[in-house]
>>> print(open('run_4.cif').read())   # mmCIF, C-alpha atoms
data_upload
#
loop_
_atom_site.group_PDB
_atom_site.id
_atom_site.type_symbol
_atom_site.label_atom_id
_atom_site.label_comp_id
_atom_site.auth_asym_id
_atom_site.auth_seq_id
_atom_site.Cartn_x
_atom_site.Cartn_y
_atom_site.Cartn_z
ATOM 1 C CA MET U 15 12.775 -16.247 -16.627
ATOM 2 C CA THR U 16 11.122 -16.521 -13.249
ATOM 3 C CA ALA U 17 11.589 -19.073 -10.496
ATOM 4 C CA ASP U 18 8.199 -20.662 -11.046
ATOM 5 C CA SER U 19 8.967 -21.325 -14.743
ATOM 6 C CA LEU U 20 12.040 -23.423 -14.018
ATOM 7 C CA PRO U 21 11.491 -27.154 -14.314
ATOM 8 C CA GLY U 22 11.696 -28.986 -11.004
ATOM 9 C CA SER U 23 11.178 -25.838 -8.930
ATOM 10 C CA GLY U 24 7.993 -27.231 -7.383
ATOM 11 C CA ALA U 25 5.999 -24.183 -8.285
ATOM 12 C CA VAL U 26 2.567 -24.591 -9.747
ATOM 13 C CA PRO U 27 2.637 -23.871 -13.469
ATOM 14 C CA GLY U 28 0.331 -21.210 -14.684
ATOM 15 C CA GLY U 29 2.404 -18.114 -14.533
ATOM 16 C CA GLY U 30 2.832 -16.796 -18.038
ATOM 17 C CA VAL U 31 1.157 -17.350 -21.348
ATOM 18 C CA GLN U 32 0.126 -20.887 -22.212
ATOM 19 C CA ALA U 33 -0.783 -22.266 -25.604
ATOM 20 C CA PRO U 34 -4.338 -23.477 -25.961
ATOM 21 C CA PRO U 35 -4.773 -27.215 -25.984
ATOM 22 C CA PRO U 36 -4.752 -28.821 -29.455
ATOM 23 C CA PRO U 37 -8.180 -29.321 -30.950
ATOM 24 C CA ALA U 38 -9.654 -32.765 -30.748
ATOM 25 C CA PRO U 39 -9.445 -34.628 -34.051
ATOM 26 C CA VAL U 40 -12.692 -34.540 -35.936
ATOM 27 C CA PRO U 41 -13.600 -37.890 -37.491
ATOM 28 C CA VAL U 42 -13.906 -37.679 -41.266
ATOM 29 C CA GLU U 43 -17.278 -38.921 -42.416
ATOM 30 C CA PRO U 44 -18.029 -39.876 -46.006
ATOM 31 C CA ALA U 45 -20.062 -37.423 -48.003
ATOM 32 C CA ALA U 46 -23.742 -37.922 -47.445
ATOM 33 C CA GLY U 47 -25.044 -38.742 -50.901
ATOM 34 C CA PRO U 48 -26.576 -41.548 -52.821
ATOM 35 C CA VAL U 49 -24.500 -44.671 -53.105
ATOM 36 C CA LEU U 50 -23.478 -45.148 -56.718
ATOM 37 C CA GLY U 51 -24.190 -48.440 -58.383
ATOM 38 C CA PHE U 52 -22.290 -50.285 -61.074
ATOM 39 C CA ARG U 53 -24.083 -48.494 -63.912
ATOM 40 C CA GLU U 54 -23.369 -44.993 -62.569
ATOM 41 C CA LEU U 55 -19.736 -45.888 -61.967
ATOM 42 C CA SER U 56 -19.457 -47.287 -65.505
ATOM 43 C CA GLU U 57 -21.071 -44.144 -66.930
ATOM 44 C CA ARG U 58 -18.553 -41.948 -65.121
ATOM 45 C CA VAL U 59 -15.566 -44.017 -66.230
ATOM 46 C CA ILE U 60 -16.658 -44.189 -69.883
ATOM 47 C CA ALA U 61 -17.497 -40.485 -70.005
ATOM 48 C CA SER U 62 -14.173 -39.494 -68.463
ATOM 49 C CA VAL U 63 -12.211 -41.753 -70.838
ATOM 50 C CA PHE U 64 -14.000 -40.375 -73.901
ATOM 51 C CA ASP U 65 -13.499 -36.803 -72.651
ATOM 52 C CA ARG U 66 -9.820 -37.323 -71.874
ATOM 53 C CA TYR U 67 -8.960 -39.178 -75.105
ATOM 54 C CA PRO U 68 -11.006 -37.703 -77.975
ATOM 55 C CA TRP U 69 -8.998 -39.688 -80.550
ATOM 56 C CA LEU U 70 -10.139 -43.017 -79.052
ATOM 57 C CA ASN U 71 -13.298 -43.056 -81.163
ATOM 58 C CA ARG U 72 -11.312 -42.902 -84.405
ATOM 59 C CA VAL U 73 -8.882 -45.566 -83.259
ATOM 60 C CA LEU U 74 -11.703 -47.961 -82.370
ATOM 61 C CA MET U 75 -13.381 -47.257 -85.712
ATOM 62 C CA GLY U 76 -10.110 -48.070 -87.473
ATOM 63 C CA VAL U 77 -9.771 -51.305 -85.520
ATOM 64 C CA LEU U 78 -13.290 -52.320 -86.580
ATOM 65 C CA ALA U 79 -12.362 -51.557 -90.197
ATOM 66 C CA VAL U 80 -9.320 -53.828 -89.886
ATOM 67 C CA PHE U 81 -11.483 -56.622 -88.444
ATOM 68 C CA THR U 82 -13.965 -56.260 -91.294
ATOM 69 C CA GLY U 83 -11.167 -56.237 -93.874
ATOM 70 C CA THR U 84 -9.711 -59.371 -92.318
ATOM 71 C CA CYS U 85 -13.063 -61.111 -92.713
ATOM 72 C CA VAL U 86 -13.239 -60.086 -96.389
ATOM 73 C CA VAL U 87 -9.685 -61.343 -97.014
ATOM 74 C CA ALA U 88 -10.574 -64.618 -95.277
ATOM 75 C CA VAL U 89 -13.421 -65.104 -97.796
ATOM 76 C CA VAL U 90 -10.927 -64.922 -100.649
ATOM 77 C CA ALA U 91 -8.343 -67.088 -98.862
ATOM 78 C CA ARG U 92 -10.772 -69.837 -97.820
ATOM 79 C CA LEU U 93 -13.074 -69.627 -100.838
ATOM 80 C CA SER U 94 -16.034 -69.734 -98.463
ATOM 81 C CA PRO U 95 -18.606 -67.080 -97.472
ATOM 82 C CA LEU U 96 -18.600 -68.192 -93.810
ATOM 83 C CA PRO U 97 -16.039 -65.580 -92.654
ATOM 84 C CA LEU U 98 -18.527 -62.848 -93.616
ATOM 85 C CA ILE U 99 -20.886 -63.869 -90.781
ATOM 86 C CA PRO U 100 -19.406 -61.444 -88.162
ATOM 87 C CA VAL U 101 -19.284 -58.475 -90.567
ATOM 88 C CA PRO U 102 -22.854 -57.239 -89.791
ATOM 89 C CA LEU U 103 -21.990 -57.187 -86.089
ATOM 90 C CA PHE U 104 -18.879 -55.118 -86.796
ATOM 91 C CA VAL U 105 -21.044 -52.737 -88.831
ATOM 92 C CA VAL U 106 -23.449 -52.441 -85.862
ATOM 93 C CA GLY U 107 -20.438 -51.741 -83.605
ATOM 94 C CA GLY U 108 -19.227 -49.052 -86.007
ATOM 95 C CA TYR U 109 -22.686 -47.468 -86.081
ATOM 96 C CA ALA U 110 -22.752 -47.441 -82.281
ATOM 97 C CA LEU U 111 -19.354 -45.706 -82.193
ATOM 98 C CA TRP U 112 -20.527 -43.195 -84.772
ATOM 99 C CA ARG U 113 -23.617 -42.409 -82.660
ATOM 100 C CA ALA U 114 -21.587 -42.243 -79.433
ATOM 101 C CA ARG U 115 -19.459 -39.488 -80.932
ATOM 102 C CA GLY U 116 -22.249 -36.895 -80.857
ATOM 103 C CA VAL U 117 -24.090 -37.583 -77.600
ATOM 104 C CA THR U 118 -23.966 -35.260 -74.609
ATOM 105 C CA SER U 119 -25.608 -37.412 -71.945
ATOM 106 C CA ARG U 120 -23.529 -39.909 -69.982
ATOM 107 C CA ARG U 121 -26.351 -42.449 -70.061
ATOM 108 C CA GLN U 122 -26.647 -42.337 -73.856
ATOM 109 C CA LEU U 123 -22.875 -42.584 -74.210
ATOM 110 C CA PHE U 124 -22.875 -45.645 -71.966
ATOM 111 C CA ASN U 125 -25.662 -47.277 -73.990
ATOM 112 C CA TRP U 126 -23.916 -46.747 -77.328
ATOM 113 C CA ILE U 127 -20.553 -47.949 -75.998
ATOM 114 C CA LEU U 128 -22.247 -50.986 -74.477
ATOM 115 C CA LEU U 129 -23.787 -51.794 -77.864
ATOM 116 C CA PHE U 130 -20.368 -51.382 -79.507
ATOM 117 C CA ALA U 131 -18.709 -53.685 -76.970
ATOM 118 C CA LEU U 132 -21.384 -56.371 -77.174
ATOM 119 C CA ALA U 133 -21.506 -56.361 -80.978
ATOM 120 C CA THR U 134 -17.704 -56.569 -81.197
ATOM 121 C CA LEU U 135 -17.473 -59.365 -78.630
ATOM 122 C CA VAL U 136 -20.198 -61.407 -80.328
ATOM 123 C CA GLY U 137 -18.416 -60.801 -83.639
ATOM 124 C CA PHE U 138 -15.196 -62.200 -82.173
ATOM 125 C CA TRP U 139 -17.108 -65.176 -80.821
ATOM 126 C CA LEU U 140 -18.579 -65.793 -84.254
ATOM 127 C CA ILE U 141 -15.095 -65.624 -85.783
ATOM 128 C CA SER U 142 -13.996 -68.408 -83.444
ATOM 129 C CA VAL U 143 -17.118 -70.467 -84.218
ATOM 130 C CA VAL U 144 -16.619 -70.005 -87.960
ATOM 131 C CA GLY U 145 -12.967 -70.981 -87.562
ATOM 132 C CA ARG U 146 -13.995 -74.256 -85.967
ATOM 133 C CA TRP U 147 -16.615 -74.908 -88.671
ATOM 134 C CA VAL U 148 -14.238 -74.336 -91.555
ATOM 135 C CA GLU U 149 -11.489 -76.606 -90.217
#
>>> encode(input="run_4.cif", output="structure tokens")
Amino acid sequence: MTADSLPGSGAVPGGGVQAPPPPAPVPVEPAAGPVLGFRELSERVIASVFDRYPWLNRVLMGVLAVFTGTCVVAVVARLSPLPLIPVPLFVVGGYALWRARGVTSRRQLFNWILLFALATLVGFWLISVVGRWVE
């Protein structure tokens, strides 16, 4: 240890090895790419869910079968054919799920899943409408 390295000695620092100054922080900029819209985000989410959970297709098909069976049982219970109105929409939803199983493109998968969702939702809506009619 030398006299000019002691703190408070009044000597000008500079004798010895000094560490280089820390680098200035570089601002992080977002990746320069196209801004994704709602459709592209939906395609990515649906594709990742169907890739991560391959059994989901079978579960949804089973749920549609239960809905259709419930409509058939309601025909027998109410002695009216009105509960069969949503069944064609559930069949369309099942067909869309069946077609979605074999696609490789994210856009086609999104289209088939969208058809499944819309057909199922309209089927539920029709169940509620039929329930109000039959009362």
>>> atom_distance(input="run_4.cif", atom1="CA of Arg72 (chain U)", atom2="CA of Ala131 (chain U)")
15.0 Å
>>> residues_near_point(input="run_4.cif", point="(-12.9, -44.6, -81.5)", cutoff="12 Å", atoms="all atoms listed in the file", output="PyMOL selection string")
chain U and resi 63-65+67-79+107-115+126-127+130-131
>>> residues_near_point(input="run_4.cif", point="(-19.9, -48.3, -68.2)", cutoff="9 Å", atoms="all atoms listed in the file", output="PyMOL selection string")
chain U and resi 52-61+121+123-125+127-128
>>> write_last_selection(input="run_4.cif", atoms="C-alpha atoms", output="mmCIF file, keeping the file's coordinate frame")
data_model
loop_
_atom_site.group_PDB
_atom_site.id
_atom_site.type_symbol
_atom_site.label_atom_id
_atom_site.label_comp_id
_atom_site.auth_asym_id
_atom_site.auth_seq_id
_atom_site.Cartn_x
_atom_site.Cartn_y
_atom_site.Cartn_z
ATOM 1 C CA PHE U 52 -22.290 -50.285 -61.074
ATOM 2 C CA ARG U 53 -24.083 -48.494 -63.912
ATOM 3 C CA GLU U 54 -23.369 -44.993 -62.569
ATOM 4 C CA LEU U 55 -19.736 -45.888 -61.967
ATOM 5 C CA SER U 56 -19.457 -47.287 -65.505
ATOM 6 C CA GLU U 57 -21.071 -44.144 -66.930
ATOM 7 C CA ARG U 58 -18.553 -41.948 -65.121
ATOM 8 C CA VAL U 59 -15.566 -44.017 -66.230
ATOM 9 C CA ILE U 60 -16.658 -44.189 -69.883
ATOM 10 C CA ALA U 61 -17.497 -40.485 -70.005
ATOM 11 C CA ARG U 121 -26.351 -42.449 -70.061
ATOM 12 C CA LEU U 123 -22.875 -42.584 -74.210
ATOM 13 C CA PHE U 124 -22.875 -45.645 -71.966
ATOM 14 C CA ASN U 125 -25.662 -47.277 -73.990
ATOM 15 C CA ILE U 127 -20.553 -47.949 -75.998
ATOM 16 C CA LEU U 128 -22.247 -50.986 -74.477
#
>>> atom_distance(input="run_4.cif", atom1="CA of Val86 (chain U)", atom2="CA of Leu132 (chain U)")
21.2 Å
>>> closest_residue(input="run_4.cif", among="U:Gly116, U:Gly145, U:Pro41, U:Gly51", to="Pro97 (chain U)", atoms="only C-alpha atoms")
U:Gly145
>>> atom_distance(input="run_4.cif", atom1="CA of Phe81 (chain U)", atom2="CA of Val101 (chain U)")
8.3 Å
